[in-house]
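Asks: Just work_26.cif, nothing more (mmCIF, C-alpha atoms):
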```cif
data_my_file
#
loop_
_atom_site.group_PDB
_atom_site.id
_atom_site.type_symbol
_atom_site.label_atom_id
_atom_site.label_comp_id
_atom_site.auth_asym_id
_atom_site.auth_seq_id
_atom_site.Cartn_x
_atom_site.Cartn_y
_atom_site.Cartn_z
ATOM 1 C CA MET A 5 131.268 76.763 93.175
ATOM 2 C CA ALA A 6 131.990 76.188 96.869
ATOM 3 C CA ILE A 7 128.762 76.024 98.890
ATOM 4 C CA THR A 8 129.288 77.831 102.195
ATOM 5 C CA ALA A 9 127.440 77.375 105.481
ATOM 6 C CA GLN A 10 126.224 80.965 105.187
ATOM 7 C CA MET A 11 124.617 80.199 101.810
ATOM 8 C CA VAL A 12 122.866 77.142 103.244
ATOM 9 C CA LYS A 13 121.683 79.211 106.229
ATOM 10 C CA GLU A 14 120.299 81.945 103.945
ATOM 11 C CA LEU A 15 118.430 79.414 101.784
ATOM 12 C CA ARG A 16 116.945 77.764 104.889
ATOM 13 C CA GLU A 17 115.696 81.139 106.118
ATOM 14 C CA LYS A 18 114.138 81.928 102.742
ATOM 15 C CA THR A 19 112.409 78.567 102.228
ATOM 16 C CA GLY A 20 112.094 76.779 105.548
ATOM 17 C CA ALA A 21 113.619 73.642 103.976
ATOM 18 C CA GLY A 22 116.035 71.313 105.825
ATOM 19 C CA MET A 23 119.784 71.823 105.873
ATOM 20 C CA MET A 24 120.695 68.836 103.656
ATOM 21 C CA ASP A 25 117.956 69.676 101.158
ATOM 22 C CA CYS A 26 119.251 73.236 100.970
ATOM 23 C CA LYS A 27 122.827 72.077 100.490
ATOM 24 C CA LYS A 28 121.777 69.713 97.701
ATOM 25 C CA ALA A 29 119.699 72.440 96.009
ATOM 26 C CA LEU A 30 122.648 74.844 96.042
ATOM 27 C CA THR A 31 124.981 72.151 94.737
ATOM 28 C CA GLU A 32 122.581 71.271 91.913
ATOM 29 C CA THR A 33 122.188 74.943 90.925
ATOM 30 C CA ASP A 34 125.868 75.881 91.281
ATOM 31 C CA GLY A 35 125.163 78.216 94.177
ATOM 32 C CA ASP A 36 122.477 80.300 92.454
ATOM 33 C CA MET A 37 120.108 81.330 95.283
ATOM 34 C CA GLU A 38 117.010 82.038 93.163
ATOM 35 C CA ASN A 39 117.428 78.829 91.129
ATOM 36 C CA ALA A 40 117.928 76.891 94.364
ATOM 37 C CA ILE A 41 114.621 78.292 95.694
ATOM 38 C CA ASP A 42 112.884 77.153 92.485
ATOM 39 C CA TYR A 43 114.565 73.727 92.758
ATOM 40 C CA LEU A 44 113.212 73.215 96.286
ATOM 41 C CA ARG A 45 109.739 74.383 95.284
ATOM 42 C CA GLU A 46 109.661 72.108 92.229
ATOM 43 C CA LYS A 47 110.595 69.146 94.427
ATOM 44 C CA GLY A 48 107.789 70.091 96.803
ATOM 45 C CA ILE A 49 110.290 70.607 99.625
ATOM 46 C CA ALA A 50 109.631 74.331 99.987
ATOM 47 C CA LYS A 51 105.993 75.357 99.882
ATOM 48 C CA ALA A 52 106.839 78.951 98.944
ATOM 49 C CA ALA A 53 109.792 81.261 98.718
ATOM 50 C CA LYS A 54 109.983 83.910 101.363
ATOM 51 C CA LYS A 55 110.837 86.790 99.068
ATOM 52 C CA ALA A 56 111.709 89.341 101.732
ATOM 53 C CA ASP A 57 115.307 89.298 102.868
ATOM 54 C CA ARG A 58 116.033 89.036 106.554
ATOM 55 C CA ILE A 59 114.997 92.003 108.646
ATOM 56 C CA ALA A 60 118.281 93.388 109.858
ATOM 57 C CA ALA A 61 119.122 97.023 110.584
ATOM 58 C CA GLU A 62 117.420 98.992 113.321
ATOM 59 C CA GLY A 63 115.542 102.275 113.096
ATOM 60 C CA ILE A 64 111.955 103.300 112.414
ATOM 61 C CA THR A 65 109.558 104.114 109.622
ATOM 62 C CA ALA A 66 107.428 107.237 109.928
ATOM 63 C CA ILE A 67 104.552 108.864 108.052
ATOM 64 C CA GLN A 68 103.555 112.514 107.972
ATOM 65 C CA THR A 69 100.534 113.969 106.188
ATOM 66 C CA GLU A 70 99.597 117.562 105.491
ATOM 67 C CA GLY A 71 96.504 118.265 103.427
ATOM 68 C CA ASN A 72 96.859 116.492 100.094
ATOM 69 C CA ASN A 73 100.511 115.566 100.614
ATOM 70 C CA ALA A 74 102.049 112.705 102.581
ATOM 71 C CA VAL A 75 105.492 111.216 103.072
ATOM 72 C CA ILE A 76 106.633 107.816 104.314
ATOM 73 C CA LEU A 77 110.280 107.442 105.276
ATOM 74 C CA GLU A 78 112.733 105.031 106.881
ATOM 75 C CA VAL A 79 115.638 106.218 108.998
ATOM 76 C CA ASN A 80 118.145 103.625 110.212
ATOM 77 C CA SER A 81 120.263 103.395 113.342
ATOM 78 C CA GLU A 82 122.680 100.733 114.535
ATOM 79 C CA THR A 83 120.679 99.621 117.576
ATOM 80 C CA ASP A 84 117.108 99.427 118.748
ATOM 81 C CA PHE A 85 118.069 101.468 121.811
ATOM 82 C CA VAL A 86 118.792 104.485 119.641
ATOM 83 C CA ALA A 87 115.631 103.945 117.567
ATOM 84 C CA LYS A 88 113.646 104.518 120.782
ATOM 85 C CA ASN A 89 115.738 107.543 121.741
ATOM 86 C CA GLU A 90 113.831 110.837 121.921
ATOM 87 C CA GLY A 91 116.576 112.653 120.009
ATOM 88 C CA PHE A 92 116.441 110.093 117.195
ATOM 89 C CA GLN A 93 112.675 110.314 116.935
ATOM 90 C CA SER A 94 112.902 114.110 116.827
ATOM 91 C CA LEU A 95 115.404 113.787 113.959
ATOM 92 C CA VAL A 96 112.993 111.549 112.045
ATOM 93 C CA LYS A 97 110.152 114.025 112.569
ATOM 94 C CA ASP A 98 112.265 116.945 111.307
ATOM 95 C CA LEU A 99 113.404 114.954 108.273
ATOM 96 C CA GLY A 100 109.810 114.013 107.470
ATOM 97 C CA ALA A 101 108.688 117.654 107.664
ATOM 98 C CA HIS A 102 111.494 118.700 105.315
ATOM 99 C CA LEU A 103 110.752 115.956 102.771
ATOM 100 C CA LEU A 104 107.064 116.850 102.822
ATOM 101 C CA ALA A 105 107.788 120.526 102.211
ATOM 102 C CA LYS A 106 110.571 120.254 99.602
ATOM 103 C CA LYS A 107 109.618 116.969 97.850
ATOM 104 C CA PRO A 108 113.107 115.978 96.652
ATOM 105 C CA ALA A 109 113.272 113.361 93.897
ATOM 106 C CA ASN A 110 115.525 110.970 95.814
ATOM 107 C CA VAL A 111 117.749 110.579 98.877
ATOM 108 C CA GLU A 112 120.802 111.976 97.066
ATOM 109 C CA GLU A 113 118.957 115.191 96.234
ATOM 110 C CA ALA A 114 117.468 115.395 99.729
ATOM 111 C CA LEU A 115 120.883 115.236 101.405
ATOM 112 C CA THR A 116 122.065 118.356 99.529
ATOM 113 C CA GLN A 117 118.978 120.457 100.335
ATOM 114 C CA GLU A 118 118.983 123.211 102.937
ATOM 115 C CA MET A 119 116.615 122.844 105.873
ATOM 116 C CA ASP A 120 114.782 125.636 107.695
ATOM 117 C CA ASN A 121 117.537 125.643 110.331
ATOM 118 C CA GLY A 122 120.108 126.620 107.665
ATOM 119 C CA SER A 123 121.862 123.242 107.690
ATOM 120 C CA THR A 124 121.858 120.783 104.798
ATOM 121 C CA VAL A 125 120.065 117.510 105.446
ATOM 122 C CA ALA A 126 123.407 115.663 105.318
ATOM 123 C CA ASP A 127 124.976 117.994 107.915
ATOM 124 C CA PHE A 128 121.856 117.779 110.089
ATOM 125 C CA ILE A 129 122.139 113.975 110.147
ATOM 126 C CA ASN A 130 125.901 114.150 110.788
ATOM 127 C CA ALA A 131 125.318 116.454 113.760
ATOM 128 C CA ALA A 132 122.868 113.907 115.171
ATOM 129 C CA ILE A 133 125.448 111.137 114.631
ATOM 130 C CA ALA A 134 128.006 113.128 116.640
ATOM 131 C CA LYS A 135 125.487 113.676 119.436
ATOM 132 C CA ILE A 136 123.948 110.185 119.567
ATOM 133 C CA GLY A 137 127.146 108.267 118.862
ATOM 134 C CA GLU A 138 125.819 105.866 116.230
ATOM 135 C CA LYS A 139 125.748 105.778 112.467
ATOM 136 C CA LEU A 140 122.346 107.073 111.292
ATOM 137 C CA SER A 141 121.023 107.245 107.756
ATOM 138 C CA LEU A 142 118.018 108.404 105.780
ATOM 139 C CA ARG A 143 117.509 105.196 103.829
ATOM 140 C CA ARG A 144 114.454 105.870 101.668
ATOM 141 C CA PHE A 145 111.240 107.841 101.356
ATOM 142 C CA GLU A 146 108.302 108.416 99.030
ATOM 143 C CA VAL A 147 106.121 111.501 98.772
ATOM 144 C CA LYS A 148 102.506 110.938 97.655
ATOM 145 C CA THR A 149 99.772 113.368 96.652
ATOM 146 C CA LYS A 150 95.994 113.087 96.419
ATOM 147 C CA THR A 151 92.935 115.220 95.640
ATOM 148 C CA ASP A 152 90.247 116.494 98.012
ATOM 149 C CA ASN A 153 88.107 113.498 96.955
ATOM 150 C CA ASP A 154 90.671 110.900 98.071
ATOM 151 C CA ALA A 155 92.038 109.593 101.369
ATOM 152 C CA PHE A 156 95.444 108.718 102.795
ATOM 153 C CA GLY A 157 95.676 105.604 104.937
ATOM 154 C CA ALA A 158 98.599 105.924 107.360
ATOM 155 C CA TYR A 159 99.427 102.995 109.616
ATOM 156 C CA LEU A 160 102.477 102.273 111.793
ATOM 157 C CA HIS A 161 102.915 98.840 113.352
ATOM 158 C CA MET A 162 105.027 98.070 116.435
ATOM 159 C CA GLY A 163 106.099 101.665 116.930
ATOM 160 C CA GLY A 164 107.206 102.041 113.340
ATOM 161 C CA ARG A 165 108.837 98.664 112.621
ATOM 162 C CA ILE A 166 106.422 98.534 109.685
ATOM 163 C CA GLY A 167 104.886 101.571 108.009
ATOM 164 C CA VAL A 168 102.221 101.594 105.289
ATOM 165 C CA LEU A 169 100.876 104.550 103.331
ATOM 166 C CA THR A 170 97.896 103.842 101.056
ATOM 167 C CA VAL A 171 96.066 106.182 98.679
ATOM 168 C CA LEU A 172 92.347 105.464 98.265
ATOM 169 C CA GLU A 173 90.621 107.231 95.387
ATOM 170 C CA GLY A 174 86.911 108.052 95.386
ATOM 171 C CA THR A 175 86.455 108.363 99.156
ATOM 172 C CA THR A 176 87.490 110.733 101.929
ATOM 173 C CA ASP A 177 87.158 107.952 104.525
ATOM 174 C CA SER A 178 90.632 107.971 106.088
ATOM 175 C CA GLU A 179 89.641 105.236 108.574
ATOM 176 C CA ALA A 180 88.803 102.884 105.693
ATOM 177 C CA ALA A 181 92.123 103.761 104.071
ATOM 178 C CA LYS A 182 93.889 103.079 107.376
ATOM 179 C CA ASP A 183 92.156 99.677 107.601
ATOM 180 C CA VAL A 184 93.565 98.811 104.163
ATOM 181 C CA SER A 185 97.032 99.889 105.306
ATOM 182 C CA MET A 186 96.691 97.730 108.415
ATOM 183 C CA HIS A 187 95.849 94.767 106.181
ATOM 184 C CA ILE A 188 98.870 95.480 103.959
ATOM 185 C CA ALA A 189 101.129 95.672 107.024
ATOM 186 C CA ALA A 190 99.924 92.225 108.110
ATOM 187 C CA LEU A 191 99.897 90.336 104.791
ATOM 188 C CA ASN A 192 102.660 92.128 102.874
ATOM 189 C CA PRO A 193 101.280 92.036 99.296
ATOM 190 C CA LYS A 194 103.538 93.199 96.472
ATOM 191 C CA TYR A 195 100.921 94.600 94.111
ATOM 192 C CA VAL A 196 97.492 96.235 94.107
ATOM 193 C CA SER A 197 96.006 94.009 91.385
ATOM 194 C CA ARG A 198 96.836 91.202 88.967
ATOM 195 C CA ASP A 199 97.410 93.536 86.028
ATOM 196 C CA GLN A 200 100.450 94.955 87.844
ATOM 197 C CA VAL A 201 102.186 91.551 87.885
ATOM 198 C CA SER A 202 104.558 91.328 84.913
ATOM 199 C CA GLN A 203 103.996 88.626 82.311
ATOM 200 C CA GLU A 204 107.562 87.483 82.980
ATOM 201 C CA GLU A 205 106.796 86.883 86.656
ATOM 202 C CA VAL A 206 103.551 85.054 85.836
ATOM 203 C CA GLU A 207 105.312 82.791 83.321
ATOM 204 C CA HIS A 208 108.104 82.052 85.775
ATOM 205 C CA GLU A 209 105.575 81.069 88.430
ATOM 206 C CA ARG A 210 103.657 78.946 85.906
ATOM 207 C CA GLU A 211 106.857 77.058 84.983
ATOM 208 C CA VAL A 212 107.709 76.354 88.631
ATOM 209 C CA LEU A 213 104.161 75.182 89.409
ATOM 210 C CA THR A 214 104.088 72.982 86.280
ATOM 211 C CA GLN A 215 107.344 71.252 87.214
ATOM 212 C CA GLN A 216 106.103 70.906 90.781
ATOM 213 C CA ALA A 217 102.902 69.180 89.619
ATOM 214 C CA LEU A 218 104.797 66.855 87.261
ATOM 215 C CA ASN A 219 107.216 65.913 90.051
ATOM 216 C CA GLU A 220 104.197 65.055 92.206
ATOM 217 C CA GLY A 221 103.304 62.460 89.560
ATOM 218 C CA LYS A 222 100.165 64.208 88.342
ATOM 219 C CA PRO A 223 98.951 63.159 84.846
ATOM 220 C CA GLU A 224 100.039 65.612 82.148
ATOM 221 C CA ASN A 225 96.467 66.054 80.873
ATOM 222 C CA ILE A 226 95.361 67.646 84.169
ATOM 223 C CA VAL A 227 98.564 69.495 85.053
ATOM 224 C CA ALA A 228 97.684 72.635 83.073
ATOM 225 C CA LYS A 229 94.324 72.969 84.854
ATOM 226 C CA MET A 230 95.953 72.380 88.239
ATOM 227 C CA VAL A 231 98.601 74.997 87.523
ATOM 228 C CA GLU A 232 96.000 77.654 86.675
ATOM 229 C CA GLY A 233 94.257 76.908 89.964
ATOM 230 C CA ARG A 234 97.513 77.246 91.875
ATOM 231 C CA LEU A 235 98.287 80.453 89.994
ATOM 232 C CA GLY A 236 95.072 81.870 91.435
ATOM 233 C CA LYS A 237 96.444 81.121 94.911
ATOM 234 C CA TYR A 238 99.699 82.849 93.944
ATOM 235 C CA PHE A 239 97.797 86.000 92.974
ATOM 236 C CA GLU A 240 96.054 85.884 96.357
ATOM 237 C CA ASP A 241 99.477 85.910 97.996
ATOM 238 C CA VAL A 242 100.867 88.897 96.072
ATOM 239 C CA CYS A 243 97.853 91.088 95.109
ATOM 240 C CA VAL A 244 96.065 92.975 97.877
ATOM 241 C CA LEU A 245 92.686 93.099 96.084
ATOM 242 C CA ASP A 246 92.616 89.268 95.879
ATOM 243 C CA GLN A 247 93.399 88.782 99.574
ATOM 244 C CA THR A 248 90.945 87.936 102.337
ATOM 245 C CA PHE A 249 90.459 91.100 104.401
ATOM 246 C CA VAL A 250 92.099 90.735 107.838
ATOM 247 C CA LYS A 251 89.266 92.565 109.615
ATOM 248 C CA ASN A 252 86.542 90.463 107.950
ATOM 249 C CA PRO A 253 87.403 86.918 106.773
ATOM 250 C CA ASP A 254 84.110 86.756 104.830
ATOM 251 C CA GLN A 255 85.230 89.575 102.565
ATOM 252 C CA LYS A 256 87.992 90.172 100.035
ATOM 253 C CA VAL A 257 89.850 93.493 100.203
ATOM 254 C CA ARG A 258 88.343 94.268 96.782
ATOM 255 C CA GLN A 259 84.833 93.966 98.226
ATOM 256 C CA PHE A 260 85.672 96.113 101.252
ATOM 257 C CA VAL A 261 87.097 98.897 99.087
ATOM 258 C CA GLN A 262 84.168 98.723 96.659
ATOM 259 C CA SER A 263 81.741 99.001 99.593
ATOM 260 C CA LYS A 264 83.305 102.404 100.263
ATOM 261 C CA GLY A 265 82.894 103.443 96.612
ATOM 262 C CA ALA A 266 86.663 103.574 96.341
ATOM 263 C CA THR A 267 89.666 102.112 94.549
ATOM 264 C CA ILE A 268 93.243 101.561 95.762
ATOM 265 C CA ARG A 269 95.479 103.770 93.650
ATOM 266 C CA GLU A 270 98.750 102.704 95.254
ATOM 267 C CA PHE A 271 100.483 101.799 98.482
ATOM 268 C CA VAL A 272 103.968 101.895 99.968
ATOM 269 C CA ARG A 273 105.009 99.395 102.649
ATOM 270 C CA TYR A 274 108.313 99.777 104.482
ATOM 271 C CA GLU A 275 109.657 97.279 106.988
ATOM 272 C CA VAL A 276 112.674 98.425 108.963
ATOM 273 C CA GLY A 277 115.908 96.938 107.693
ATOM 274 C CA GLU A 278 114.440 94.705 104.975
ATOM 275 C CA GLY A 279 117.194 93.758 102.543
ATOM 276 C CA LEU A 280 119.984 95.110 104.741
ATOM 277 C CA GLU A 281 122.729 92.933 106.178
ATOM 278 C CA LYS A 282 122.297 92.232 109.884
ATOM 279 C CA ARG A 283 125.112 92.950 112.286
ATOM 280 C CA GLU A 284 126.324 89.705 113.801
ATOM 281 C CA GLU A 285 125.872 90.818 117.402
ATOM 282 C CA ASN A 286 123.764 89.511 120.223
ATOM 283 C CA PHE A 287 121.544 91.366 122.666
ATOM 284 C CA ALA A 288 123.993 91.208 125.588
ATOM 285 C CA GLU A 289 126.762 92.742 123.465
ATOM 286 C CA GLU A 290 124.375 95.482 122.358
ATOM 287 C CA VAL A 291 123.635 96.346 125.999
ATOM 288 C CA MET A 292 127.342 96.404 126.868
ATOM 289 C CA ASN A 293 128.096 98.670 123.902
ATOM 290 C CA GLN A 294 125.494 101.125 125.155
ATOM 291 C CA ILE A 295 126.954 101.088 128.681
ATOM 292 C CA LYS A 296 130.451 101.820 127.344
ATOM 293 C CA LYS A 297 129.293 104.955 125.473
#
```
Translate the structure of the given file into structure tokens.
Replies:
Amino acid sequence: MAITAQMVKELREKTGAGMMDCKKALTETDGDMENAIDYLREKGIAKAAKKADRIAAEGITAIQTEGNNAVILEVNSETDFVAKNEGFQSLVKDLGAHLLAKKPANVEEALTQEMDNGSTVADFINAAIAKIGEKLSLRRFEVKTKTDNDAFGAYLHMGGRIGVLTVLEGTTDSEAAKDVSMHIAALNPKYVSRDQVSQEEVEHEREVLTQQALNEGKPENIVAKMVEGRLGKYFEDVCVLDQTFVKNPDQKVRQFVQSKGATIREFVRYEVGEGLEKREENFAEEVMNQIKK
């Protein structure tokens, strides 16, 4: 398979490894990106794989709560200028209110629903597109519920570039729940606890760490013990309860939550544009495009 410059660039962004190392890894793995990441890690060239794809599209995340219901959503625009536009932000607010009230199962269902203004969600967005002059889209959302004995933690970072909604059970302390969401925004865990990590993922990580240790020249009789120790560090990276709490380095998140008599039921973390392809356009061009409109 032909290894392109774009593939090398993507691997560099995901691993932080050098250009020639990335090219060799892709060549050795016949262009398979995930296998190339493992190859670099096993050789000790990449310390860890940056799992998140490049942050690309513009827009904002938003959270709305009402009683025991909450919604987190992401609405995308083409440029950051529009994301800060009052009309765009009003659109996001109206969409959030609708999703909270009607609780559609997915985006496809949401787009067909009628809003209070008599328009379908799809037509409402299209009308905004015609007015604002950019492609806009409701990308994703999740509606969460709780009981009177629980708390929502709603946190928006950088004006909505990152949004986190956490459900804490066993406490009504919304500030504590917000602190957990703030932590999740900063450290980007994938899971609440270790038991949510699939056995397949654990075994894959164990294999990579084993090969890494062997390539470092460690004796086979101590490799297994080393790997289990490094696995513990892996769990700290991906499980929020195992992480050191950002607001108190002497405490794990687990200890903070327990001190409130609570447990983390679930969380949703959205980062604007994650996994979407970035437009190849620079800032100056973006400004000129706005002037021309």
Asks: Let me know the residues the PyMOL selection byres ((chain A and resi 161-174) around 9) catches in the file above, as a ChimeraX atom specification.
Replies: /A:62-67,74-78,88,148-151,153-160,175-178,180-182,184-186,188-190,261,264-277
Asks: Of the residues A:Leu15, A:Ala228, A:Val96, A:Val79, which is the one nearest to A:Asp42, using all atoms listed in the file?
Replies: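 Closest residue, counting all atoms listed in the file: A:Leu15.
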Asks: Looking at A:Glu82, A:Met11, A:Glu220, A:Glu138, which one is nearest to A:Gly35, with distances taken over all atoms listed in the file?
Replies: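 Closest to A:Gly35, using all atoms listed in the file: A:Met11.
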Asks: Can you pull out the residues contacting A:Gln117? Cut-off 9 Å, using only C-alpha atoms, and skip same-chain residues under 5 positions away; I want them as a list in words.
Replies: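 Selected residues are Lys106, Pro108, Ser123, Thr124, Val125 and Ala126 of chain A.
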Asks: Apply the PyMOL selection byres ((chain A and resi 209) around 12) to the file shown and report the selected residues as a ChimeraX atom specification.
Replies: /A:41-42,45-46,52-53,201-208,210-216,231-232,234-239,242
Asks: Those residues with C-alpha atoms, as a CSV table (one decimal), in the frame of the given file please?
Replies:
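What landed in part.csv:
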```csv
chain,number,residue,atom,x,y,z
A,41,ILE,CA,114.6,78.3,95.7
A,42,ASP,CA,112.9,77.2,92.5
A,45,ARG,CA,109.7,74.4,95.3
A,46,GLU,CA,109.7,72.1,92.2
A,52,ALA,CA,106.8,79.0,98.9
A,53,ALA,CA,109.8,81.3,98.7
A,201,VAL,CA,102.2,91.6,87.9
A,202,SER,CA,104.6,91.3,84.9
A,203,GLN,CA,104.0,88.6,82.3
A,204,GLU,CA,107.6,87.5,83.0
A,205,GLU,CA,106.8,86.9,86.7
A,206,VAL,CA,103.6,85.1,85.8
A,207,GLU,CA,105.3,82.8,83.3
A,208,HIS,CA,108.1,82.1,85.8
A,210,ARG,CA,103.7,78.9,85.9
A,211,GLU,CA,106.9,77.1,85.0
A,212,VAL,CA,107.7,76.4,88.6
A,213,LEU,CA,104.2,75.2,89.4
A,214,THR,CA,104.1,73.0,86.3
A,215,GLN,CA,107.3,71.3,87.2
A,216,GLN,CA,106.1,70.9,90.8
A,231,VAL,CA,98.6,75.0,87.5
A,232,GLU,CA,96.0,77.7,86.7
A,234,ARG,CA,97.5,77.2,91.9
A,235,LEU,CA,98.3,80.5,90.0
A,236,GLY,CA,95.1,81.9,91.4
A,237,LYS,CA,96.4,81.1,94.9
A,238,TYR,CA,99.7,82.8,93.9
A,239,PHE,CA,97.8,86.0,93.0
A,242,VAL,CA,100.9,88.9,96.1
```
Asks: Using Å and a single decimal, report how far atom CA of A:Asn80 sits from atom CA of A:Met119.
Replies: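 Result for atom CA of A:Met119 versus atom CA of A:Asn80: 19.8 Å, one decimal.
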Asks: Apply the PyMOL selection byres ((chain A and resi 40) around 12) to the file shown and report the selected residues as JSON, numbers by chain.
Replies: {"A": [7, 11, 12, 14, 15, 16, 18, 19, 21, 25, 26, 27, 28, 29, 30, 31, 32, 33, 34, 35, 36, 37, 38, 39, 41, 42, 43, 44, 45, 46, 47, 49, 50, 53, 212]}
Asks: Hey, can you check how far atom CA of A:Gly137 sits from atom CA of A:Val111?
Replies: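 These atoms are spaced 22.2 Å apart.
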Asks: Provide the atom CA of A:Glu112 to atom CA of A:Glu146 distance in Å, to one decimal place.
Replies: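 Those two atoms sit 13.1 Å apart.
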Asks: Kindly indicate which residue among A:Val257, A:Val250, A:Asn73, A:Gln10 lies nearest to A:Ala101, using all atoms listed in the file for the distances.
Replies: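 Checking each candidate against A:Ala101, we get A:Asn73 as the closest.
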Asks: Rank nothing, just name the residue among A:Leu140, A:Ala109, A:Leu95, A:Val196 nearest to A:Thr83, using all atoms listed in the file.
Replies: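 Using all atoms listed in the file, A:Thr83 sits closest to A:Leu140.
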Asks: My list of candidates is A:Val147, A:Ala131, A:Ala9, A:Leu280. Which is closest to A:Leu103 when distances are computed with only C-alpha atoms?
Replies: A:Val147
